[in-house]
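Visitor: Take a look at the following structure, please.
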Amino acid sequence: MKNVLLALVLGTSLWAYGEGVLYWAPHGCDTGKAAAAAHGGHGKGESAMFAAMNLEGNATARLVLPDLSLRPLRFDRNTVMLPPPKMGGYYALVAESESPGNVRSAVRYLSLFGRPADVSPTRLTALPKTALEIIPDPLHREHDRYTGSKTYRFVAMFKGKPLTNVPLVLETRRSGAQTFTSGPDGAAEVTLPDDFANVTPGRGNKPSEFLLTLRHEEGGIRYVTTFSMPYSPNPNNHWQSQEWGAAAAALGFLGGLFLYRRSRKGGQNG
Amino acid sequence: MDKFLTVTALRRVVQLTAFFFFVYGATVFTTFYTDDKLTQALPALSCAYDMKSGDYCALIPLQHQMDHRVSTLFTGDSGIMQALMGTAITVATVALLILILNKAFCGWLCPLGFFQESVGMIGTKLGMKQLPSLSVETVNKIRPVKWFIFLFLVLIFPLLTGIGMLGHEWGSPFCSICPSRIMTTLAVGDMNQLYISQAGWGYTLLSLIADLLFGLMIALALFVRQPFCRICPILPMQTLFKKIGLLRLVKNGSSYCEGCSNCVKACPMDIYEIGNPAVNANITHTDCTLCGRCVEFCPHDGVMSFKYGPATILTSSKESFKKRSKIDKWWKG
Ligand code: SF4
Ligand code: SF4
Ligand code: SF4
């Protein structure tokens with residue numbers, strides 16, 4: 001019974017993921033993966049093609065490069081193909097669409113290998129990309145990954161000003177919506193769930209996606225923005241034991257003390 | 001005040017400042033992003049796993065480059081330029097830093113070096129009997145270990161991993177056992193690096209070695225001077241360029257020295273060769289951390305010196321030896 005209920009809950013949340021909001025998701029087709037492999041700079045198995053989900057209205061897409069220069073992207077239905085990266089570092093993928101009374105936007109970051117641009121990633125995240133924006137503060141380190149059970153800060157920003165006391169809604173493919181409220185500086189501390197099924201020990205686990213949504217209304221216009229990124233299971237919840245780690249360190253320490261005793265008894269040096 | 005002004009006192013101030021910069025620097029001076037780090041190729045163990053570090057050591061890029069770039073020379077996945085460019089930049093940065101400060105990165109700036117010395121001070125204050133020096137035989141047995149660690153754990157295993165002959169866990173095996181990874185992350189309140197992995201025998205073995213080594217290093221540091229430094233792969237890496245270092249340890253001593261060996265006793269790395277007579281010779285040894293203790297504890301005028309380019313910046317003298325010995329006696333109680 002419990003399992004049926006769980007399946008039902010999971011089923012509904014799966015269904016509801018990102019409903020009605022514009023957000024970026026990697027497009028796992030072979031063309032996207034082949035392009036990424038040919039471009040270089042992407043991680044193994046990553047795609048150079050991204051899809052803007054729930055796209056409607058007159059939508060535009062652009063890429064902000066690590067040196068903060070802009071590159072317009074062309075939608076092919078709802079997908080865009082990234083150009084070969086000329087430099088390493090963080091890229092921001094931005095989509096915007098407008099319809100009467102509504103402004104919708106989506107931002108996603110990706111980190112590519114290559115010769116770095118001499119511009120701090122903090123400037124890329126701080127650069128205003130859309131009217132309403134969720135700013136990661138900070139993003140995960142280059143080539144690192146968002147990880148379950150870890151807490152990250154995100155700032156809710158509207159036209160360059162932080163929004164205090166507003167809800168940021170977090171969704172994953174497996175967990176229902178959770179709300180985190182921004183504090184006086186506009187920042188919310190968001191803990192990602194470690195909600196992966198069938199985790200195998202080691203690196204073989206595929207990342208899943210999380211989605212943050214922020215809504216704001218001003219001057220009769222409804223703004224909605226999203227931030228979507230992959231996240232991975234936390235090894236310490238699955239195949240790494242911190243208790244055993246501490247025990248091994250304690251054992252090493254005792255070994256050292258044993259050598260101290262031996263040295264005191266006139267044994268050979270350390 | 002002048003009573004306490006010694007090289008060691010100055011070194012402690014520099015070490016403490018450097019510790020804050022290298023372990024917590026991202027909170028004030030840089031950011032936690034790789035692109036914002038100072039050099040990304042420091043010849044000392046400031047750690048990339050510490051999200052608050054102001055810079056990080058050269059060994060992590062070296063291991064990654066062996067694994068992902070240099071290996072493509074053998075798999076034929078990319079051109080020579082692409083395969084070697086990153087390593088060339090890292091090595092050139094290290095060479096430049098060594099030119100400026102030589103091995104003083106160890107004695108004056110390394111967070112793990114300072115940590116071990118601090119544990120040693122605690123050991124002394126706890127009344128634990130300090131091992132004065134290791135025997136020549138023991139020193140000679142230990143010395144090659146750091147070269148094996150440098151060759152295999154920093155260069156060869158990562159390269160073989162990139163070629164596909166070893167599993168992924170051997171892609172950065174030195175980082176996997178590095179005590180600075182555990183020490184610096186614990187120092188910033190991150191408990192995630194102390195673990196035993198069950199992802200396969202290689203992972204389990206490396207994580208087990210890391211934790212045992214970390215515990216052992218702390219206990220040993222209570223009574224042996226700088227135990228981990230003796231096998232640290234940073235020393236061989238620095239040695240590749242020590243000839244161009246502007247800062248160096250110079251000895252000009254002959255008959256005075258016979259039977260003295262004060263410098264050898266003072267040397268935390270037990271470099272017995274510095275006791276040999278020498279005429280105005282650069283005696284900066286592979287294991288030397290340029291800590292300056294041998295200069296402080298040499299009782300003869302002008303025998304041991306630190307030179308920077310043509311300039312002598314520190315030299316041994318009867319007077320400073322007396323002062324230093326007095327402080328040492330007071331400290332050891
Ligand atoms: S684990 Fe050690 S070798 Fe690796 S980056 Fe950290 S300090 Fe350097
Ligand atoms: S030898 Fe010691 S001081 Fe030098 S880098 Fe290694 S741990 Fe640090
Ligand atoms: S030789 Fe001198 S400067 Fe070098 S480690 Fe030994 S005491 Fe320090």
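How things are named: the first chain in the structure tokens is A, the next is B, and so on; residues count from 1 in each chain; ligands count from 1 in the order shown.
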Would you list the contacts of Tyr24 in chain B as a list in words, taking every protein, DNA or RNA residue within 9 Å and counting only C-alpha atoms, but skipping same-chain residues closer than 5 positions in sequence?

Guide: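 After dropping sequence-adjacent residues, the list is Phe19, Phe29, Asp50, Met51, Lys52, Ser53, Gly54, Ala187 and Val188 of chain B.
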
Visitor: I need the residues from that last selection saved to file as a CSV table (one decimal), in the first residue's frame (with C-alpha atoms), if you can.

Guide:
chain,number,residue,atom,x,y,z
B,19,PHE,CA,47.6,30.1,6.4
B,29,PHE,CA,40.7,38.1,-1.3
B,50,ASP,CA,39.0,23.6,0.3
B,51,MET,CA,36.2,25.8,-1.1
B,52,LYS,CA,37.6,28.8,0.8
B,53,SER,CA,41.2,28.6,-0.3
B,54,GLY,CA,42.9,31.6,-1.8
B,187,ALA,CA,39.7,23.8,9.0
B,188,VAL,CA,36.9,25.5,7.0

Visitor: May I have the residues within 9 Å of Thr79 in chain A as a list in words, using only C-alpha atoms and disregarding those fewer than 5 positions away in the same chain?

Guide: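 Counting only C-alpha atoms, the residues come to His27, Met49, Phe50, Ala51, Ala52, Met53 and Arg74 of chain A.
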
Visitor: DSSP on the backbone, helix (DSSP H, G or I) only: what residues of range 80-215 of chain A does that give? Format it as a ChimeraX atom specification.

Guide: /A:121-126

Visitor: Would you mind telling me which residue in B:His300, B:Lys129, B:Lys318, B:Arg248 lies nearest to chain A when using only C-alpha atoms?

Guide: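 The closest residue to chain A is B:Lys129.
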
Visitor: When you count only C-alpha atoms, which of these residues is closest to chain A: B:Phe21, B:Tyr49, B:Phe32, B:Phe306?

Guide: B:Phe32

Visitor: Only residues of chain A matter here; which ones have an atom within 8 Å of chain B, counting only C-alpha atoms? Give them as a ChimeraX atom specification.

Guide: /A:89,116,118-121,141-142,201-202,236,239-246,248-257,259-260,263-264,269-270
